[in-house]
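S.K.: Sharing a structure with you now.
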Protein chains: 4
Amino acid sequence: MISLGSDNHSGVHPQILTALNNINTGHAPSYGTDPTTVAAKKLFKKIFGEHSNSYFVFNGSAANVLCLKSLIKSHHAILCAGDAHLNVDECGAPEQHIGCKVIHVNTPDAKLTPEAIEKHLIRRGDQHYSQIKVVSLTLPTELGTMYSFAELEAIKATCKKYDLFLHIDGARFIYAPYVLQKSMQEICSGVDALSFGGTKNGMLFGEAVVLFGDHPEFKFIRKQTLQLPSKMRFLAAQFLELFGTDLHTDIARNGVELAKYLESKLLTVPELRITQKVQANSVFVEIPQKWVKPLREKFFFYIWNETTFEARLMLSFDSTKEHIDAFYDHLLTIKTQLRGEQHETRSHRDRQQQH
Amino acid sequence: MISLGSDNHSGVHPQILTALNNINTGHAPSYGTDPTTVAAKKLFKKIFGEHSNSYFVFNGSAANVLCLKSLIKSHHAILCAGDAHLNVDECGAPEQHIGCKVIHVNTPDAKLTPEAIEKHLIRRGDQHYSQIKVVSLTLPTELGTMYSFAELEAIKATCKKYDLFLHIDGARFIYAPYVLQKSMQEICSGVDALSFGGTKNGMLFGEAVVLFGDHPEFKFIRKQTLQLPSKMRFLAAQFLELFGTDLHTDIARNGVELAKYLESKLLTVPELRITQKVQANSVFVEIPQKWVKPLREKFFFYIWNETTFEARLMLSFDSTKEHIDAFYDHLLTIKTQLRGEQHETRSHRDRQQQH
Amino acid sequence: MISLGSDNHSGVHPQILTALNNINTGHAPSYGTDPTTVAAKKLFKKIFGEHSNSYFVFNGSAANVLCLKSLIKSHHAILCAGDAHLNVDECGAPEQHIGCKVIHVNTPDAKLTPEAIEKHLIRRGDQHYSQIKVVSLTLPTELGTMYSFAELEAIKATCKKYDLFLHIDGARFIYAPYVLQKSMQEICSGVDALSFGGTKNGMLFGEAVVLFGDHPEFKFIRKQTLQLPSKMRFLAAQFLELFGTDLHTDIARNGVELAKYLESKLLTVPELRITQKVQANSVFVEIPQKWVKPLREKFFFYIWNETTFEARLMLSFDSTKEHIDAFYDHLLTIKTQLRGEQHETRSHRDRQQQH
Amino acid sequence: MISLGSDNHSGVHPQILTALNNINTGHAPSYGTDPTTVAAKKLFKKIFGEHSNSYFVFNGSAANVLCLKSLIKSHHAILCAGDAHLNVDECGAPEQHIGCKVIHVNTPDAKLTPEAIEKHLIRRGDQHYSQIKVVSLTLPTELGTMYSFAELEAIKATCKKYDLFLHIDGARFIYAPYVLQKSMQEICSGVDALSFGGTKNGMLFGEAVVLFGDHPEFKFIRKQTLQLPSKMRFLAAQFLELFGTDLHTDIARNGVELAKYLESKLLTVPELRITQKVQANSVFVEIPQKWVKPLREKFFFYIWNETTFEARLMLSFDSTKEHIDAFYDHLLTIKTQLRGEQHETRSHRDRQQQH
């Protein structure tokens, strides 16, 4: 079955799997002192700057928690969008691991603004109140929207003004440099920590915690948080392939182009309503309730909003134009079919009413 | 370089890597609802019994913490051997994640006994004292020793008598059924939780938490502890290959046979002293201090005890007789070389003394 | 200075202080095995029923955290009103001690409803989402409002229907039986845990955790959470005095009657707006901004809402009609004075405008 | 009954209770901004130096945990004596609240030494191992022994050399300046945090966290750890009385003189063995097993070691020479009585043997 459910429904990009196969020779030290990991860390310094320090971990939830745990203490609070993964999809992991409060802002497009941040900076210095100390934004957001570079700069300025740390949840960060046409380093200038995604971008598993500045104690925190991979070279090799070549750009281009192509197709169907700007690799669209079930018989996707039947359609590194065309055709078939049924039903009803 | 450092210095067993390559087709649901994971969980029920429930996680530290977290609360204590990984190699993870105390027993062979357990069951019911509630033993131990089946049964009886849970840290559990000639289920009868190792036994990554009995809340605990892999099929496929075939037995046999072969070679060198029974895939041996550095120039291994120069030599799935022969030859060369130097030094000194 | 700031601005009720003086003779076992504590626990069984178990702790934040920690685990969530103390006034203590998420509902009167509870029961069973498992309501609320008995019963039914625990934050619980004209036991029927306040009701310090049902492990949790008082008899003696006599009813009557008297006086001043129903010992009132500063020169109170200048005026066991009359007179004086100044300013401005 | 069980079996020193009665007038701000608390904090600056910052909390367990939590993180370890309260009498509170490991050293007199500390500083920088970062010593120790000033200075030098923090658990700290004839400030020079006891020294409740250096975030940690007393003036008033007058010296003198007097009496009884140096307010003595039960019928005390029948006899602010004389007389009576019974038994046995 073709899935439009999530970019973690796809497997491993063939190029990355080849890299995994190639690295599987002989013995190497574990826990990150092997040459492949050393090379990958060097590559990350090149990408993010000499002042950055990158650490590989197993998954995105861990990257988020570890970034934030390295920045704040338990009496602090994290400010994020209501839709943020770390607010609603981590089963309370930030609260559990950091012991802190997560305060959220509900916004229509899952994007924070300087005004929203400022509005929540209340009771500073009041010992009875968790002190907001870090702003976490998702880039691109959970709704497939992208902060403009100017919007990012405004948030950075706000964080600086109020002495707040800035964290980016970048599970799908590869789309940002492609869409914004800025280097990763430009985007991250002024950022304190980045959760840098691999799994959703074609890797078998693996994310990176990128910390801007020195955190000599981080290695202990990672180990204690159960995120020190022993055969580290197999993470490093994937990152080297994904970011040491143009592969990340290729994947980003594919995701964005296909999302826009999907959007263009859906716009031709008047019963559908695109609900969010299409700026990364997903399309959010309201679908007539009756279409959902038959549609999902051939294509898997999630219903994001159970009351409006807003669906999230997500493209992956292995998504193709053919997938979208097939989805579109299936959708039109269902539309026709249901209209027919509706007519029948109506005719039937009409007949009944004639009695 | 050939490593005798750890069984996580080797890469992925070719058979397992092939399984990973084979599973990499098309889309599959994430987080464990895919068919491969369903099949692997079914296999685990077959291995450990219908009342068992298995959950895949990223690494061994996590398996340990999650097993224990599902059994006890923060006012309880874990009793384990002083050498246990969870006492000295988890950077305090049990304390951090469970909030409990870890109480250890120092024993010469890293094995617990009913007497040692009973001796520590003090102040039961005293609200000022952490209450020991789970016994954790390592099988095989950190010192390469193996509990006999009778010893295991005695500990199980002690745990039952005092209403204690029993946990097995089985990072290298595959050696237990091979050495004890008992099924995994026989060994685990009376056990409450098992950390079931994959990484050190030829997998790229992955361990299983095997819980005996129902723990409906476990899935939340795993997720919150950052151990829910998204592309789960890639873990499941490795487990299916390792335990759905004879591969685990083959690997265990190779490890044990080579360890015994290594032991037999070392026994021929009077300067060496084997310090522990060789019952799994490692040999602990005291080495003359002067030999250590030149030995490590060609073969990597860890010095377990910095004062006695006790070395841990560990075999892996990809270790061979040829590795051991080469190590042995290198050792003899060094011995001869150093004896020569010593002679020289002595001669030199003798000459000096003649003055 | 007279304070209308909080009922913890007053000292110790003389009757309670006498009890403290009386208990100060000779030696007694510590940590709760003394006869005074035994007597107080017996009294609590009489008040709350034989199935209840009461434990004395130092303060209200602790009572809240300990009640909740004895009911839920870290992957659960607490549902409470946005204004609830445990949401905004505990510096994130529930998150830190339980590791769980606190989810809040914003309501105009700080009261939860069955509808509000049901609306938040989403994603049940979804491992990515913190599972709401306990509802915590404040009685009376932070806004001085009181749930009716019928409203309480409806919430109890909702909790039962959805298998949720019910906790009452009763820092000022003494007002509930007096206002609702129900026994404490009637009010608590169907409740799982009650934070039972002493400090704000005339005690020097001390609160009780009242658990309905057996929690044999609670004593360990209390100790570990640093809430086991050593000279326990001095807590017990206060509770015996407060609840073994009519003192708690007298204090509740005084608080409610004075709050209503204060309300009646304020209603005569058209510039003021009472914002909440007066149902316990506080009055919430919007005050013209210019009056605030001079008013606070003689009477201390908190501004609850910095944008609307809504003040919280709170009565205590030692508040008197004379205090209120003095406050009212001071308020009228300020009103007159400011009107004069305003006239002057206006006249002055008028004169200026003549230029 | 007279208790020799613990110095928390006594009540409140009359002078302190008077201070409590005196402070109970009118309204005062809560949470520490009242004039009494301000005065007490000023007094503490005078005692401990301008660079010290003192915070009042409810009990000793909390003082310990808060001192340590303000110094270290979860991947650190605390090093203390095996007998230390924080190792065996806090129900795992340090592990729970800080998430760190507690590593203990078994010593005959509960005193740490530079050698013992150095010996445990292993695997520094190794990410798999909890890093010892703070040394906690108890002054006087749990065994009633006192570090000499030179011993303290040596430990301070060791901590400085290895970049370790130094914490003193001073639940009975008042005995240190009296015995060592040094000022509190001299004793604390080079110390980072002190748990400063009140409850065991005649207060109703209350301890102080004394931090040397600035910890601007401490107030949040205290609140979040549930240790912010609302009617703070009643803690401050007790401290003002205890340390603003000579009361603490008087209590210390009484405790030490009576302990030495008790020791001198016990030394006259050859069946008894004093096991520890008497240097504070307690005497540790091995008692013939048969004497224990009858002795405890009139005088309460704890058996410290259940196998050797070592008892801990502890003096309090309200202990008197008469108490000791009565205890001694009772002991002699029991001795005589049991000798008689023994004779009888022996005679009886002898008679039996004659048969």
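Here, A, B, ... name the chains of the structure tokens in the order displayed, residue numbers run from 1 inside each chain, and ligands are numbered from 1 in the same displayed order.
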Would you mind listing, as an MDAnalysis selection string, all residues of chain D that have at least one atom within 8 Å of chain C, where only C-alpha atoms are what counts?
M.R.: chainID D and resid 1:3 8:12 17 21 24:30 58:59 61:62 90:93 96:97 199 204:205 220 223:227 229:231 234
S.K.: Please extract the residues of segment 21-60 of chain A with a backbone DSSP assignment of helix (DSSP H, G or I) and present them as number ranges by chain.
M.R.: A: 21-23, 35-48, 60
S.K.: I need the chosen residues saved as a compact mmCIF listing (two decimals), in the first residue's frame, with all heavy atoms.
M.R.:
```
# COMPACT_ATOMS: atom_id res chain seq x y z
N ASN A 21 25.84 -0.76 4.36
CA ASN A 21 26.48 -2.00 3.93
C ASN A 21 27.99 -1.82 3.83
O ASN A 21 28.76 -2.69 4.24
CB ASN A 21 25.90 -2.47 2.59
CG ASN A 21 24.53 -3.12 2.74
OD1 ASN A 21 24.43 -4.26 3.19
ND2 ASN A 21 23.47 -2.40 2.42
N ASN A 22 28.40 -0.67 3.31
CA ASN A 22 29.82 -0.44 3.10
C ASN A 22 30.60 -0.33 4.41
O ASN A 22 31.77 -0.70 4.49
CB ASN A 22 30.03 0.84 2.29
CG ASN A 22 29.59 0.66 0.85
OD1 ASN A 22 29.42 -0.48 0.39
ND2 ASN A 22 29.38 1.75 0.14
N ILE A 23 29.95 0.23 5.43
CA ILE A 23 30.66 0.46 6.69
C ILE A 23 30.80 -0.83 7.50
O ILE A 23 31.56 -0.88 8.48
CB ILE A 23 29.93 1.55 7.51
CG1 ILE A 23 30.91 2.22 8.51
CG2 ILE A 23 28.76 1.01 8.29
CD1 ILE A 23 31.94 3.05 7.84
N PRO A 35 36.43 6.05 13.52
CA PRO A 35 36.75 7.07 12.50
C PRO A 35 35.53 7.59 11.74
O PRO A 35 35.50 8.76 11.35
CB PRO A 35 37.71 6.33 11.55
CG PRO A 35 37.84 4.93 12.04
CD PRO A 35 37.15 4.78 13.33
N THR A 36 34.52 6.75 11.52
CA THR A 36 33.34 7.23 10.79
C THR A 36 32.63 8.32 11.59
O THR A 36 32.21 9.35 11.04
CB THR A 36 32.36 6.06 10.54
OG1 THR A 36 33.10 4.92 10.14
CG2 THR A 36 31.35 6.43 9.48
N THR A 37 32.48 8.10 12.88
CA THR A 37 31.82 9.11 13.71
C THR A 37 32.65 10.39 13.77
O THR A 37 32.11 11.49 13.71
CB THR A 37 31.59 8.55 15.13
OG1 THR A 37 30.86 7.33 15.03
CG2 THR A 37 30.80 9.54 15.98
N VAL A 38 33.96 10.21 13.88
CA VAL A 38 34.83 11.39 13.89
C VAL A 38 34.65 12.20 12.62
O VAL A 38 34.52 13.43 12.65
CB VAL A 38 36.31 10.96 14.10
CG1 VAL A 38 37.26 12.13 13.86
CG2 VAL A 38 36.50 10.36 15.49
N ALA A 39 34.56 11.50 11.50
CA ALA A 39 34.36 12.19 10.22
C ALA A 39 33.01 12.89 10.16
O ALA A 39 32.89 14.02 9.67
CB ALA A 39 34.51 11.19 9.07
N ALA A 40 31.99 12.22 10.66
CA ALA A 40 30.65 12.82 10.62
C ALA A 40 30.57 14.05 11.50
O ALA A 40 29.94 15.05 11.15
CB ALA A 40 29.60 11.78 11.03
N LYS A 41 31.21 13.98 12.67
CA LYS A 41 31.21 15.15 13.56
C LYS A 41 31.95 16.32 12.92
O LYS A 41 31.57 17.48 13.09
CB LYS A 41 31.82 14.78 14.91
CG LYS A 41 30.94 13.81 15.70
CD LYS A 41 31.45 13.56 17.10
CE LYS A 41 31.21 14.72 18.00
NZ LYS A 41 30.60 14.38 19.29
N LYS A 42 33.00 15.99 12.17
CA LYS A 42 33.76 17.02 11.46
C LYS A 42 32.88 17.66 10.38
O LYS A 42 32.86 18.88 10.22
CB LYS A 42 34.99 16.37 10.84
CG LYS A 42 36.12 17.34 10.54
CD LYS A 42 37.39 16.59 10.13
CE LYS A 42 38.26 17.46 9.26
NZ LYS A 42 39.36 16.68 8.64
N LEU A 43 32.15 16.82 9.68
CA LEU A 43 31.23 17.34 8.66
C LEU A 43 30.20 18.28 9.28
O LEU A 43 29.88 19.34 8.72
CB LEU A 43 30.52 16.16 7.98
CG LEU A 43 29.34 16.52 7.06
CD1 LEU A 43 29.83 17.31 5.84
CD2 LEU A 43 28.59 15.26 6.60
N PHE A 44 29.69 17.91 10.45
CA PHE A 44 28.69 18.76 11.10
C PHE A 44 29.29 20.10 11.53
O PHE A 44 28.61 21.12 11.51
CB PHE A 44 28.08 18.02 12.31
CG PHE A 44 26.91 17.16 11.95
CD1 PHE A 44 27.04 16.10 11.05
CD2 PHE A 44 25.64 17.42 12.47
CE1 PHE A 44 25.93 15.31 10.70
CE2 PHE A 44 24.55 16.63 12.13
CZ PHE A 44 24.70 15.58 11.24
N LYS A 45 30.55 20.08 11.91
CA LYS A 45 31.20 21.37 12.24
C LYS A 45 31.28 22.24 11.00
O LYS A 45 31.15 23.46 11.08
CB LYS A 45 32.61 21.12 12.80
CG LYS A 45 32.63 20.66 14.26
CD LYS A 45 33.72 21.37 15.06
CE LYS A 45 33.74 20.91 16.50
NZ LYS A 45 33.38 21.97 17.45
N LYS A 46 31.53 21.60 9.87
CA LYS A 46 31.61 22.35 8.62
C LYS A 46 30.24 22.94 8.28
O LYS A 46 30.13 24.09 7.84
CB LYS A 46 32.08 21.39 7.51
CG LYS A 46 32.76 22.08 6.33
CD LYS A 46 33.31 21.06 5.35
CE LYS A 46 32.90 21.41 3.93
NZ LYS A 46 32.94 20.26 3.02
N ILE A 47 29.21 22.15 8.49
CA ILE A 47 27.85 22.62 8.15
C ILE A 47 27.38 23.71 9.10
O ILE A 47 26.85 24.74 8.68
CB ILE A 47 26.86 21.43 8.22
CG1 ILE A 47 27.17 20.41 7.13
CG2 ILE A 47 25.41 21.93 8.10
CD1 ILE A 47 26.31 19.15 7.20
N PHE A 48 27.57 23.49 10.41
CA PHE A 48 26.95 24.38 11.40
C PHE A 48 27.91 25.37 12.04
O PHE A 48 27.50 26.20 12.84
CB PHE A 48 26.27 23.55 12.49
CG PHE A 48 25.06 22.82 12.01
CD1 PHE A 48 25.06 21.44 11.84
CD2 PHE A 48 23.90 23.52 11.69
CE1 PHE A 48 23.93 20.77 11.38
CE2 PHE A 48 22.77 22.87 11.23
CZ PHE A 48 22.78 21.49 11.07
N GLY A 60 13.92 11.22 17.38
CA GLY A 60 13.60 12.63 17.44
C GLY A 60 13.11 13.10 18.79
O GLY A 60 13.42 14.21 19.23
```
S.K.: So what do you get for atom CA of Leu332 of chain B versus atom CA of Ile274 of chain B, distance-wise?
M.R.: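 Spanning atom CA of Leu332 of chain B to atom CA of Ile274 of chain B is a straight-line distance of 16.5 Å.
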S.K.: Name the residues of segment 53-227 of chain D that come out as strand (DSSP E or B) in a backbone DSSP run; write them as JSON, numbers by chain.
M.R.: {"D": [53, 54, 55, 56, 57, 76, 77, 78, 79, 80, 81, 101, 102, 103, 104, 105, 131, 132, 133, 134, 135, 136, 137, 138, 165, 166, 167, 168, 169, 170, 193, 194, 195, 196, 207, 208, 209, 210, 211, 212]}
S.K.: May I ask for the distance between atom CA of Ser136 of chain B and atom CA of Asp214 of chain C, given in Å to one decimal place?
M.R.: 28.8 Å
S.K.: Quick one: residues within 10 Å of His215 of chain A, only C-alpha atoms, excluding same-chain residues fewer than 3 positions away - as a list in words?
M.R.: Ser52, Asn53, Ser70, Leu71, Leu211, Phe212, Phe218 and Lys219 of chain A
S.K.: Limited to C-alpha atoms, could you put the picked residues into a file as a tab-separated table (two decimals), in the first residue's frame?
M.R.:
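What ended up in selection_18.tsv:
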```
chain	number	residue	atom	x	y	z
A	52	SER	CA	28.72	23.88	17.12
A	53	ASN	CA	28.91	20.45	18.73
A	70	SER	CA	21.04	20.74	28.14
A	71	LEU	CA	19.61	24.26	28.21
A	211	LEU	CA	24.40	22.46	20.34
A	212	PHE	CA	25.75	25.92	19.57
A	218	PHE	CA	26.35	16.73	27.39
A	219	LYS	CA	27.93	13.34	26.87
```
S.K.: Using Å and a single decimal, report how far atom CA of His75 of chain C sits from atom CA of Leu152 of chain C.
M.R.: 26.5 Å
S.K.: Considering only C-alpha atoms, return as a PyMOL selection string whatever protein or nucleic-acid residues lie within 7 Å of segment 187-192 of chain D, sequence-local ones (same chain, fewer than 5 positions apart) excluded.
M.R.: chain D and resi 156+165-167+182+211-212
